[in-house]
>>> print(open('run.cif').read())   # mmCIF, C-alpha atoms
data_entry
loop_
_atom_site.label_atom_id
_atom_site.label_comp_id
_atom_site.auth_asym_id
_atom_site.auth_seq_id
_atom_site.Cartn_x
_atom_site.Cartn_y
_atom_site.Cartn_z
CA GLY Q 262 -5.35 2.81 17.52
CA ASP Q 263 -5.97 3.84 13.95
CA SER Q 264 -7.43 1.08 11.83
CA VAL Q 265 -9.44 0.36 8.73
CA THR Q 266 -11.95 -2.46 8.33
CA GLN Q 267 -13.00 -3.82 4.96
CA MET Q 268 -15.53 -6.43 3.98
CA GLU Q 269 -14.02 -9.84 3.44
CA GLY Q 270 -13.88 -11.20 -0.04
CA PRO Q 271 -13.84 -12.51 -2.51
CA VAL Q 272 -16.61 -10.53 -4.11
CA THR Q 273 -17.78 -12.36 -7.21
CA LEU Q 274 -19.84 -10.49 -9.79
CA SER Q 275 -20.93 -10.80 -13.37
CA GLU Q 276 -19.88 -8.15 -15.88
CA GLU Q 277 -22.04 -4.98 -15.72
CA ALA Q 278 -23.17 -5.68 -12.15
CA PHE Q 279 -23.15 -3.00 -9.46
CA LEU Q 280 -20.23 -3.08 -7.05
CA THR Q 281 -20.02 -2.01 -3.42
CA ILE Q 282 -17.03 -2.72 -1.21
CA ASN Q 283 -17.55 -1.52 2.35
CA CYS Q 284 -14.88 0.28 4.33
CA THR Q 285 -15.02 1.85 7.77
CA TYR Q 286 -12.27 3.59 9.71
CA THR Q 287 -11.54 4.51 13.31
CA ALA Q 288 -12.53 8.08 13.97
CA THR Q 289 -9.35 9.48 15.48
CA GLY Q 290 -8.53 12.84 14.04
CA TYR Q 291 -9.51 13.90 10.54
CA PRO Q 292 -7.78 11.43 8.27
CA SER Q 293 -7.55 11.45 4.53
CA LEU Q 294 -9.01 8.30 3.03
CA PHE Q 295 -7.84 6.31 0.04
CA TRP Q 296 -8.70 3.38 -2.17
CA TYR Q 297 -5.77 1.57 -3.76
CA VAL Q 298 -6.07 -1.21 -6.34
CA GLN Q 299 -3.64 -4.09 -6.90
CA TYR Q 300 -3.94 -5.89 -10.24
CA PRO Q 301 -2.53 -9.42 -10.44
CA GLY Q 302 1.25 -9.44 -10.24
CA GLU Q 303 1.53 -5.68 -9.84
CA GLY Q 304 2.07 -3.11 -7.11
CA LEU Q 305 -0.62 -0.93 -5.61
CA GLN Q 306 -1.99 2.03 -7.53
CA LEU Q 307 -3.98 4.88 -6.10
CA LEU Q 308 -7.55 4.62 -7.35
CA LEU Q 309 -9.11 7.60 -5.60
CA LYS Q 310 -8.91 9.64 -2.43
CA ALA Q 311 -10.87 12.12 -0.30
CA THR Q 312 -9.35 14.50 2.17
CA LYS Q 313 -12.31 15.83 4.14
CA ALA Q 314 -15.85 15.02 5.14
CA ASP Q 315 -18.42 14.86 2.30
CA ASP Q 316 -15.68 14.83 -0.35
CA LYS Q 317 -16.28 12.37 -3.16
CA GLY Q 318 -13.31 10.74 -4.82
CA SER Q 319 -13.81 9.32 -8.29
CA ASN Q 320 -11.74 7.66 -10.99
CA LYS Q 321 -12.34 5.14 -13.81
CA GLY Q 322 -16.05 4.93 -12.93
CA PHE Q 323 -15.34 4.17 -9.26
CA GLU Q 324 -16.61 6.51 -6.55
CA ALA Q 325 -16.34 6.77 -2.77
CA THR Q 326 -17.76 9.42 -0.44
CA TYR Q 327 -16.13 10.40 2.86
CA ARG Q 328 -18.90 9.96 5.44
CA LYS Q 329 -17.83 11.33 8.79
CA GLU Q 330 -21.12 10.52 10.51
CA THR Q 331 -20.79 6.81 9.72
CA THR Q 332 -16.95 6.77 9.54
CA SER Q 333 -17.22 5.07 6.17
CA PHE Q 334 -15.67 5.30 2.73
CA HIS Q 335 -17.47 2.66 0.67
CA LEU Q 336 -16.28 2.01 -2.88
CA GLU Q 337 -18.90 1.80 -5.62
CA LYS Q 338 -19.04 1.27 -9.35
CA GLY Q 339 -22.19 1.15 -11.41
CA SER Q 340 -21.08 -1.43 -13.97
CA VAL Q 341 -17.99 -3.57 -13.42
CA GLN Q 342 -15.85 -5.04 -16.17
CA VAL Q 343 -13.70 -8.17 -16.25
CA SER Q 344 -10.66 -5.87 -16.23
CA ASP Q 345 -11.70 -4.57 -12.79
CA SER Q 346 -10.78 -7.93 -11.24
CA ALA Q 347 -8.17 -7.06 -8.64
CA VAL Q 348 -7.63 -6.62 -4.92
CA TYR Q 349 -8.94 -3.34 -3.51
CA PHE Q 350 -7.45 -1.77 -0.39
CA CYS Q 351 -9.02 0.93 1.70
CA ALA Q 352 -6.55 3.08 3.66
CA ARG Q 353 -6.40 6.06 5.97
CA ASP Q 354 -3.49 8.24 6.88
CA THR Q 355 -2.44 8.69 10.48
CA GLY Q 356 -0.37 11.83 10.02
CA PHE Q 357 3.23 12.08 8.84
CA GLN Q 358 2.48 10.16 5.66
CA LYS Q 359 1.86 6.90 7.46
CA LEU Q 360 -0.88 4.88 5.78
CA VAL Q 361 -2.84 2.16 7.52
CA PHE Q 362 -4.44 -0.31 5.14
CA GLY Q 363 -7.42 -2.59 5.42
CA THR Q 364 -6.94 -6.28 4.69
CA GLY Q 365 -7.97 -5.93 1.06
CA THR Q 366 -11.01 -7.24 -0.80
CA ARG Q 367 -10.56 -9.42 -3.86
CA LEU Q 368 -13.00 -8.70 -6.69
CA LEU Q 369 -13.60 -11.34 -9.34
CA VAL Q 370 -15.65 -10.31 -12.36
CA SER Q 371 -16.79 -12.98 -14.81
CA PRO Q 372 -17.94 -12.38 -18.40
CA ASP P 141 9.08 5.05 -17.88
CA THR P 142 9.28 3.18 -14.60
CA ALA P 143 8.51 5.47 -11.66
CA VAL P 144 9.36 3.18 -8.74
CA SER P 145 11.44 0.11 -9.54
CA GLN P 146 12.57 -2.77 -7.38
CA THR P 147 15.12 -5.52 -7.87
CA PRO P 148 14.93 -8.40 -7.81
CA LYS P 149 11.33 -9.24 -8.64
CA TYR P 150 11.67 -12.72 -7.13
CA LEU P 151 14.09 -13.89 -4.47
CA VAL P 152 14.31 -17.47 -3.24
CA THR P 153 16.83 -18.21 -0.52
CA GLN P 154 17.64 -20.50 2.40
CA MET P 155 16.95 -19.77 6.03
CA GLY P 156 19.85 -18.01 7.72
CA ASN P 157 21.08 -16.22 4.62
CA ASP P 158 21.49 -12.47 4.25
CA LYS P 159 19.83 -10.74 1.28
CA SER P 160 19.15 -7.25 -0.05
CA ILE P 161 16.32 -5.72 -2.04
CA LYS P 162 16.92 -2.50 -3.95
CA CYS P 163 14.48 0.30 -4.71
CA GLU P 164 14.85 3.32 -6.92
CA GLN P 165 12.42 6.11 -7.77
CA ASN P 166 12.84 8.59 -10.63
CA LEU P 167 10.00 10.89 -9.56
CA GLY P 168 12.15 13.33 -7.62
CA HIS P 169 10.29 12.47 -4.41
CA ASP P 170 11.63 13.24 -0.94
CA THR P 171 10.07 10.33 0.93
CA MET P 172 10.39 6.58 0.47
CA TYR P 173 8.85 3.59 2.24
CA TRP P 174 9.06 -0.15 2.66
CA TYR P 175 5.89 -2.20 3.15
CA LYS P 176 5.45 -5.91 3.82
CA GLN P 177 2.49 -7.82 2.37
CA ASP P 178 1.91 -11.23 3.89
CA SER P 179 0.31 -14.30 2.35
CA LYS P 180 -3.16 -13.06 3.29
CA LYS P 181 -2.53 -9.78 1.43
CA PHE P 182 -2.30 -7.81 4.67
CA LEU P 183 -0.13 -4.76 3.99
CA LYS P 184 1.85 -3.06 6.72
CA ILE P 185 4.40 -0.26 6.70
CA MET P 186 7.90 -1.14 7.88
CA PHE P 187 10.01 1.97 7.35
CA SER P 188 9.82 5.48 6.00
CA TYR P 189 12.70 7.75 5.03
CA ASN P 190 12.55 11.45 4.29
CA ASN P 191 15.58 13.04 2.64
CA LYS P 192 17.70 10.02 3.62
CA GLU P 193 16.63 10.20 7.27
CA LEU P 194 14.69 7.44 9.01
CA ILE P 195 11.26 8.74 10.04
CA ILE P 196 9.11 5.66 10.68
CA ASN P 197 10.32 2.35 12.09
CA GLU P 198 7.39 0.11 12.84
CA THR P 199 8.47 -2.50 15.36
CA VAL P 200 10.51 -4.36 12.79
CA PRO P 201 13.16 -6.85 13.96
CA ASN P 202 16.62 -5.36 13.81
CA ARG P 203 17.56 -8.06 11.30
CA PHE P 204 15.95 -5.64 8.83
CA SER P 205 18.14 -2.66 8.07
CA PRO P 206 17.10 -0.04 5.52
CA LYS P 207 19.71 2.15 3.90
CA SER P 208 19.15 5.28 1.86
CA PRO P 209 22.32 6.34 0.04
CA ASP P 210 20.47 9.22 -1.60
CA LYS P 211 16.90 10.49 -1.96
CA ALA P 212 16.23 8.32 -5.00
CA HIS P 213 17.22 5.01 -3.41
CA LEU P 214 16.05 3.02 -0.42
CA ASN P 215 17.47 -0.46 -0.04
CA LEU P 216 16.40 -3.13 2.42
CA HIS P 217 18.94 -5.55 3.86
CA ILE P 218 17.75 -8.58 5.78
CA ASN P 219 20.10 -10.63 7.95
CA SER P 220 19.59 -14.21 9.12
CA LEU P 221 16.44 -14.79 7.08
CA GLU P 222 13.62 -16.71 8.73
CA LEU P 223 10.66 -18.61 7.27
CA GLY P 224 8.32 -15.89 8.52
CA ASP P 225 10.09 -13.30 6.38
CA SER P 226 8.51 -14.85 3.28
CA ALA P 227 6.27 -12.15 1.85
CA VAL P 228 6.01 -9.57 -0.89
CA TYR P 229 7.95 -6.41 -0.08
CA PHE P 230 6.81 -3.17 -1.68
CA CYS P 231 8.76 0.02 -1.97
CA ALA P 232 6.86 3.31 -2.34
CA SER P 233 7.61 7.00 -2.60
CA SER P 234 5.80 10.31 -2.18
CA GLN P 235 6.66 13.89 -2.94
CA VAL P 236 6.56 15.48 0.49
CA TRP P 237 6.40 14.45 4.10
CA GLY P 238 4.59 16.01 7.00
CA ALA P 239 1.59 15.81 9.26
CA SER P 240 -0.61 17.81 6.96
CA SER P 241 0.41 16.13 3.76
CA THR P 242 -1.98 13.87 1.94
CA ASP P 243 0.41 13.27 -0.88
CA THR P 244 -0.12 10.18 -2.98
CA GLN P 245 2.24 7.27 -2.48
CA TYR P 246 3.50 5.53 -5.62
CA PHE P 247 4.29 1.84 -5.27
CA GLY P 248 6.85 -0.34 -6.96
CA PRO P 249 5.92 -3.73 -8.46
CA GLY P 250 7.02 -5.68 -5.39
CA THR P 251 9.67 -8.28 -4.57
CA ARG P 252 8.41 -11.73 -3.71
CA LEU P 253 10.76 -13.21 -1.11
CA THR P 254 10.56 -16.93 -0.41
CA VAL P 255 12.60 -18.34 2.44
CA LEU P 256 13.04 -22.12 2.36
#
>>> encode(input="run.cif", output="structure tokens")
Amino acid sequence: GDSVTQMEGPVTLSEEAFLTINCTYTATGYPSLFWYVQYPGEGLQLLLKATKADDKGSNKGFEATYRKETTSFHLEKGSVQVSDSAVYFCARDTGFQKLVFGTGTRLLVSP
Amino acid sequence: DTAVSQTPKYLVTQMGNDKSIKCEQNLGHDTMYWYKQDSKKFLKIMFSYNNKELIINETVPNRFSPKSPDKAHLNLHINSLELGDSAVYFCASSQVWGASSTDTQYFGPGTRLTVL
């Protein structure tokens, strides 16, 4: 079935380090892909999305490129801040607005 | 302005009780959802409603009964609560519904349910 696989966390980085969180998806159909972020004590917020192959989603310095050939949608940021500490969820749609989420990756950024 | 709101934020109750969680969205969206997030942060859809009609029901025990009195509200009633129901429940909404839609879902702040 449709699924999303994310790297396990936590990912621990120092401020200004480079971030990569890996995400791969099952290649059924042509899904849209999403990254959501959950800050402590809050609900999920859409961070970025891409709707077709080779699209790049970007927001707040984060980027992810829809790679059909590797069925991946890795999240990157060139220089993380303490305020980026959160749980990041990769997701794909399966049609009819149904989202399937990965298990989430916790990012901890220290000063 | 709160886009998607849920009440209560925290709910602690005994096994066997019946409880409800309420959700309201003021975005004018047609579609609303309930998700369950377990203790390991795994997030899974439970239900989806479009224009007050049930669209998605993901193998959820029938102790869980969603009710949508109007497009802006989707409440979740849980009968005979069990220990395994302890989780964070998120409500969400999106503008449109359909196979070709990639509309963004907006999430509420969550309700942390603890069953003792």
>>> resolve_selection(input="run.cif", expression="the PyMOL selection byres ((chain P and resi 227) around 7)", output="ChimeraX atom specification")
/P:176-179,225-226,228-229,252-254
>>> closest_residue(input="run.cif", among="Q:Ala314, Q:Ala347, Q:Leu369, Q:Ala278", to="Phe334 (chain Q)", atoms="only C-alpha atoms")
Q:Ala314
>>> closest_atom_pairs(input="run.cif", of="chain P", to="chain Q", cutoff="10 Å", atoms="all atoms listed in the file", output="Markdown table")
| residue | atom | partner | partner_atom | distance |
| --- | --- | --- | --- | --- |
| P:Val144 | CA | Q:Gly304 | CA | 9.8 |
| P:Thr171 | CA | Q:Gln358 | CA | 8.9 |
| P:Tyr173 | CA | Q:Lys359 | CA | 9.3 |
| P:Gln177 | CA | Q:Thr364 | CA | 9.8 |
| P:Lys180 | CA | Q:Thr364 | CA | 7.9 |
| P:Lys181 | CA | Q:Thr364 | CA | 6.5 |
| P:Phe182 | CA | Q:Thr364 | CA | 4.9 |
| P:Leu183 | CA | Q:Phe362 | CA | 6.3 |
| P:Lys184 | CA | Q:Phe362 | CA | 7.0 |
| P:Ile185 | CA | Q:Leu360 | CA | 7.4 |
| P:Phe187 | CA | Q:Lys359 | CA | 9.5 |
| P:Ser188 | CA | Q:Lys359 | CA | 8.2 |
| P:Ile195 | CA | Q:Phe357 | CA | 8.8 |
| P:Ile196 | CA | Q:Lys359 | CA | 8.0 |
| P:Val228 | CA | Q:Gly304 | CA | 9.8 |
| P:Tyr229 | CA | Q:Gly304 | CA | 9.7 |
| P:Phe230 | CA | Q:Gly304 | CA | 7.2 |
| P:Cys231 | CA | Q:Gly304 | CA | 9.0 |
| P:Ala232 | CA | Q:Leu305 | CA | 9.2 |
| P:Ser234 | CA | Q:Gln358 | CA | 8.5 |
| P:Val236 | CA | Q:Gln358 | CA | 8.5 |
| P:Trp237 | CA | Q:Gln358 | CA | 6.0 |
| P:Gly238 | CA | Q:Phe357 | CA | 4.5 |
| P:Ala239 | CA | Q:Phe357 | CA | 4.1 |
| P:Ser240 | CA | Q:Gly356 | CA | 6.7 |
| P:Ser241 | CA | Q:Gln358 | CA | 6.6 |
| P:Thr242 | CA | Q:Ser293 | CA | 6.6 |
| P:Asp243 | CA | Q:Gln358 | CA | 7.5 |
| P:Thr244 | CA | Q:Leu307 | CA | 7.3 |
| P:Gln245 | CA | Q:Leu307 | CA | 7.6 |
| P:Tyr246 | CA | Q:Gln306 | CA | 6.8 |
| P:Phe247 | CA | Q:Leu305 | CA | 5.6 |
| P:Gly248 | CA | Q:Gly304 | CA | 5.5 |
| P:Pro249 | CA | Q:Gly304 | CA | 4.1 |
| P:Gly250 | CA | Q:Gly304 | CA | 5.8 |
| P:Thr251 | CA | Q:Gly304 | CA | 9.5 |
| P:Arg252 | CA | Q:Gly302 | CA | 10.0 |
>>> atom_distance(input="run.cif", atom1="CA of Pro372 (chain Q)", atom2="CA of Trp296 (chain Q)")
24.4 Å
>>> resolve_selection(input="run.cif", expression="the PyMOL selection byres ((chain P and resi 148-165) around 6)", output="PyMOL selection string")
chain P and resi 143-147+166-167+212-222+251-256
>>> closest_residue(input="run.cif", among="Q:Thr287, Q:Lys338, Q:Glu269, Q:Ser264", to="Gly318 (chain Q)", atoms="all atoms listed in the file")
Q:Lys338
>>> resolve_selection(input="run.cif", expression="the PyMOL selection byres ((chain Q and resi 281) around 7)", output="MDAnalysis selection string")
chainID Q and resid 279:280 282:283 335:338
>>> decode(input="run.cif", residues="region 166-214 of chain P", atoms="N, CA and C atoms", output="mmCIF file, in the first residue's frame")
data_model
loop_
_atom_site.group_PDB
_atom_site.id
_atom_site.type_symbol
_atom_site.label_atom_id
_atom_site.label_comp_id
_atom_site.auth_asym_id
_atom_site.auth_seq_id
_atom_site.Cartn_x
_atom_site.Cartn_y
_atom_site.Cartn_z
ATOM 1 N N ASN P 166 -13.083 27.992 11.170
ATOM 2 C CA ASN P 166 -13.683 29.242 10.673
ATOM 3 C C ASN P 166 -13.073 29.663 9.341
ATOM 4 N N LEU P 167 -12.602 28.671 8.585
ATOM 5 C CA LEU P 167 -11.942 28.943 7.302
ATOM 6 C C LEU P 167 -12.889 28.807 6.127
ATOM 7 N N GLY P 168 -14.119 28.379 6.389
ATOM 8 C CA GLY P 168 -15.061 28.173 5.293
ATOM 9 C C GLY P 168 -14.768 26.929 4.472
ATOM 10 N N HIS P 169 -14.028 25.988 5.052
ATOM 11 C CA HIS P 169 -13.641 24.778 4.322
ATOM 12 C C HIS P 169 -14.788 23.780 4.232
ATOM 13 N N ASP P 170 -14.716 22.943 3.190
ATOM 14 C CA ASP P 170 -15.748 21.928 2.981
ATOM 15 C C ASP P 170 -15.429 20.601 3.661
ATOM 16 N N THR P 171 -14.150 20.350 3.918
ATOM 17 C CA THR P 171 -13.728 19.019 4.360
ATOM 18 C C THR P 171 -13.040 19.089 5.710
ATOM 19 N N MET P 172 -13.388 18.135 6.579
ATOM 20 C CA MET P 172 -12.775 18.074 7.906
ATOM 21 C C MET P 172 -12.346 16.647 8.203
ATOM 22 N N TYR P 173 -11.374 16.525 9.113
ATOM 23 C CA TYR P 173 -10.731 15.238 9.386
ATOM 24 C C TYR P 173 -10.491 15.066 10.886
ATOM 25 N N TRP P 174 -10.394 13.797 11.289
ATOM 26 C CA TRP P 174 -9.841 13.466 12.592
ATOM 27 C C TRP P 174 -8.640 12.556 12.391
ATOM 28 N N TYR P 175 -7.543 12.892 13.096
ATOM 29 C CA TYR P 175 -6.334 12.082 13.100
ATOM 30 C C TYR P 175 -6.039 11.658 14.536
ATOM 31 N N LYS P 176 -5.369 10.508 14.666
ATOM 32 C CA LYS P 176 -4.893 10.056 15.972
ATOM 33 C C LYS P 176 -3.371 9.983 15.942
ATOM 34 N N GLN P 177 -2.726 10.589 16.950
ATOM 35 C CA GLN P 177 -1.272 10.524 17.074
ATOM 36 C C GLN P 177 -0.926 9.757 18.348
ATOM 37 N N ASP P 178 -0.237 8.641 18.178
ATOM 38 C CA ASP P 178 0.047 7.812 19.348
ATOM 39 C C ASP P 178 1.293 8.312 20.082
ATOM 40 N N SER P 179 1.683 7.558 21.095
ATOM 41 C CA SER P 179 2.773 8.010 21.973
ATOM 42 C C SER P 179 4.112 8.076 21.243
ATOM 43 N N LYS P 180 4.218 7.365 20.135
ATOM 44 C CA LYS P 180 5.457 7.412 19.345
ATOM 45 C C LYS P 180 5.363 8.443 18.227
ATOM 46 N N LYS P 181 4.371 9.291 18.284
ATOM 47 C CA LYS P 181 4.186 10.388 17.317
ATOM 48 C C LYS P 181 3.674 9.899 15.966
ATOM 49 N N PHE P 182 3.309 8.620 15.854
ATOM 50 C CA PHE P 182 2.777 8.132 14.600
ATOM 51 C C PHE P 182 1.389 8.704 14.400
ATOM 52 N N LEU P 183 1.161 9.284 13.222
ATOM 53 C CA LEU P 183 -0.077 10.015 12.935
ATOM 54 C C LEU P 183 -0.873 9.276 11.874
ATOM 55 N N LYS P 184 -2.139 8.996 12.188
ATOM 56 C CA LYS P 184 -2.941 8.223 11.246
ATOM 57 C C LYS P 184 -4.344 8.824 11.141
ATOM 58 N N ILE P 185 -4.857 8.882 9.904
ATOM 59 C CA ILE P 185 -6.189 9.426 9.703
ATOM 60 C C ILE P 185 -7.220 8.447 10.253
ATOM 61 N N MET P 186 -8.288 9.013 10.836
ATOM 62 C CA MET P 186 -9.390 8.197 11.333
ATOM 63 C C MET P 186 -10.619 8.387 10.439
ATOM 64 N N PHE P 187 -11.020 9.641 10.274
ATOM 65 C CA PHE P 187 -12.237 9.960 9.538
ATOM 66 C C PHE P 187 -12.029 11.205 8.686
ATOM 67 N N SER P 188 -12.845 11.285 7.628
ATOM 68 C CA SER P 188 -12.907 12.504 6.843
ATOM 69 C C SER P 188 -14.368 12.760 6.474
ATOM 70 N N TYR P 189 -14.775 14.001 6.579
ATOM 71 C CA TYR P 189 -16.119 14.411 6.199
ATOM 72 C C TYR P 189 -16.030 15.493 5.137
ATOM 73 N N ASN P 190 -16.888 15.412 4.146
ATOM 74 C CA ASN P 190 -17.000 16.464 3.155
ATOM 75 C C ASN P 190 -18.458 16.922 3.108
ATOM 76 N N ASN P 191 -18.651 18.219 3.348
ATOM 77 C CA ASN P 191 -20.024 18.753 3.377
ATOM 78 C C ASN P 191 -20.946 17.913 4.259
ATOM 79 N N LYS P 192 -20.492 17.588 5.422
ATOM 80 C CA LYS P 192 -21.238 16.843 6.451
ATOM 81 C C LYS P 192 -21.419 15.365 6.124
ATOM 82 N N GLU P 193 -20.825 14.887 5.053
ATOM 83 C CA GLU P 193 -20.957 13.469 4.711
ATOM 84 C C GLU P 193 -19.671 12.722 4.989
ATOM 85 N N LEU P 194 -19.775 11.532 5.558
ATOM 86 C CA LEU P 194 -18.603 10.714 5.861
ATOM 87 C C LEU P 194 -17.983 10.209 4.561
ATOM 88 N N ILE P 195 -16.685 10.465 4.390
ATOM 89 C CA ILE P 195 -15.988 10.059 3.172
ATOM 90 C C ILE P 195 -14.968 8.968 3.474
ATOM 91 N N ILE P 196 -14.186 9.158 4.531
ATOM 92 C CA ILE P 196 -13.146 8.201 4.889
ATOM 93 C C ILE P 196 -13.425 7.679 6.302
ATOM 94 N N ASN P 197 -13.372 6.354 6.429
ATOM 95 C CA ASN P 197 -13.498 5.730 7.750
ATOM 96 C C ASN P 197 -12.444 4.644 7.779
ATOM 97 N N GLU P 198 -11.365 4.905 8.500
ATOM 98 C CA GLU P 198 -10.199 4.042 8.420
ATOM 99 C C GLU P 198 -10.177 2.982 9.506
ATOM 100 N N THR P 199 -10.910 1.938 9.347
ATOM 101 C CA THR P 199 -10.854 0.796 10.262
ATOM 102 C C THR P 199 -10.771 1.233 11.728
ATOM 103 N N VAL P 200 -11.670 2.093 12.087
ATOM 104 C CA VAL P 200 -11.713 2.596 13.456
ATOM 105 C C VAL P 200 -12.818 1.853 14.186
ATOM 106 N N PRO P 201 -12.561 1.423 15.447
ATOM 107 C CA PRO P 201 -13.624 0.735 16.192
ATOM 108 C C PRO P 201 -14.901 1.551 16.216
ATOM 109 N N ASN P 202 -16.044 0.873 16.206
ATOM 110 C CA ASN P 202 -17.296 1.618 16.161
ATOM 111 C C ASN P 202 -17.633 2.286 17.489
ATOM 112 N N ARG P 203 -16.726 2.189 18.461
ATOM 113 C CA ARG P 203 -16.873 2.992 19.686
ATOM 114 C C ARG P 203 -16.628 4.474 19.372
ATOM 115 N N PHE P 204 -15.953 4.727 18.243
ATOM 116 C CA PHE P 204 -15.679 6.095 17.812
ATOM 117 C C PHE P 204 -16.763 6.515 16.823
ATOM 118 N N SER P 205 -17.468 7.575 17.136
ATOM 119 C CA SER P 205 -18.516 8.030 16.230
ATOM 120 C C SER P 205 -18.351 9.524 15.975
ATOM 121 N N PRO P 206 -17.972 9.886 14.765
ATOM 122 C CA PRO P 206 -17.894 11.305 14.407
ATOM 123 C C PRO P 206 -19.277 11.832 14.070
ATOM 124 N N LYS P 207 -19.445 13.131 14.317
ATOM 125 C CA LYS P 207 -20.719 13.768 13.958
ATOM 126 C C LYS P 207 -20.426 15.164 13.430
ATOM 127 N N SER P 208 -21.019 15.482 12.304
ATOM 128 C CA SER P 208 -20.797 16.791 11.691
ATOM 129 C C SER P 208 -22.133 17.501 11.575
ATOM 130 N N PRO P 209 -22.475 18.358 12.543
ATOM 131 C CA PRO P 209 -23.763 19.048 12.493
ATOM 132 C C PRO P 209 -23.840 20.084 11.367
ATOM 133 N N ASP P 210 -22.701 20.609 10.993
ATOM 134 C CA ASP P 210 -22.635 21.535 9.854
ATOM 135 C C ASP P 210 -21.200 21.522 9.339
ATOM 136 N N LYS P 211 -20.965 22.222 8.244
ATOM 137 C CA LYS P 211 -19.632 22.144 7.595
ATOM 138 C C LYS P 211 -18.515 22.650 8.477
ATOM 139 N N ALA P 212 -18.832 23.501 9.432
ATOM 140 C CA ALA P 212 -17.788 24.116 10.255
ATOM 141 C C ALA P 212 -17.428 23.294 11.487
ATOM 142 N N HIS P 213 -18.172 22.241 11.751
ATOM 143 C CA HIS P 213 -17.962 21.467 12.977
ATOM 144 C C HIS P 213 -17.851 19.978 12.682
ATOM 145 N N LEU P 214 -16.900 19.342 13.366
ATOM 146 C CA LEU P 214 -16.794 17.889 13.318
ATOM 147 C C LEU P 214 -16.402 17.429 14.720
#
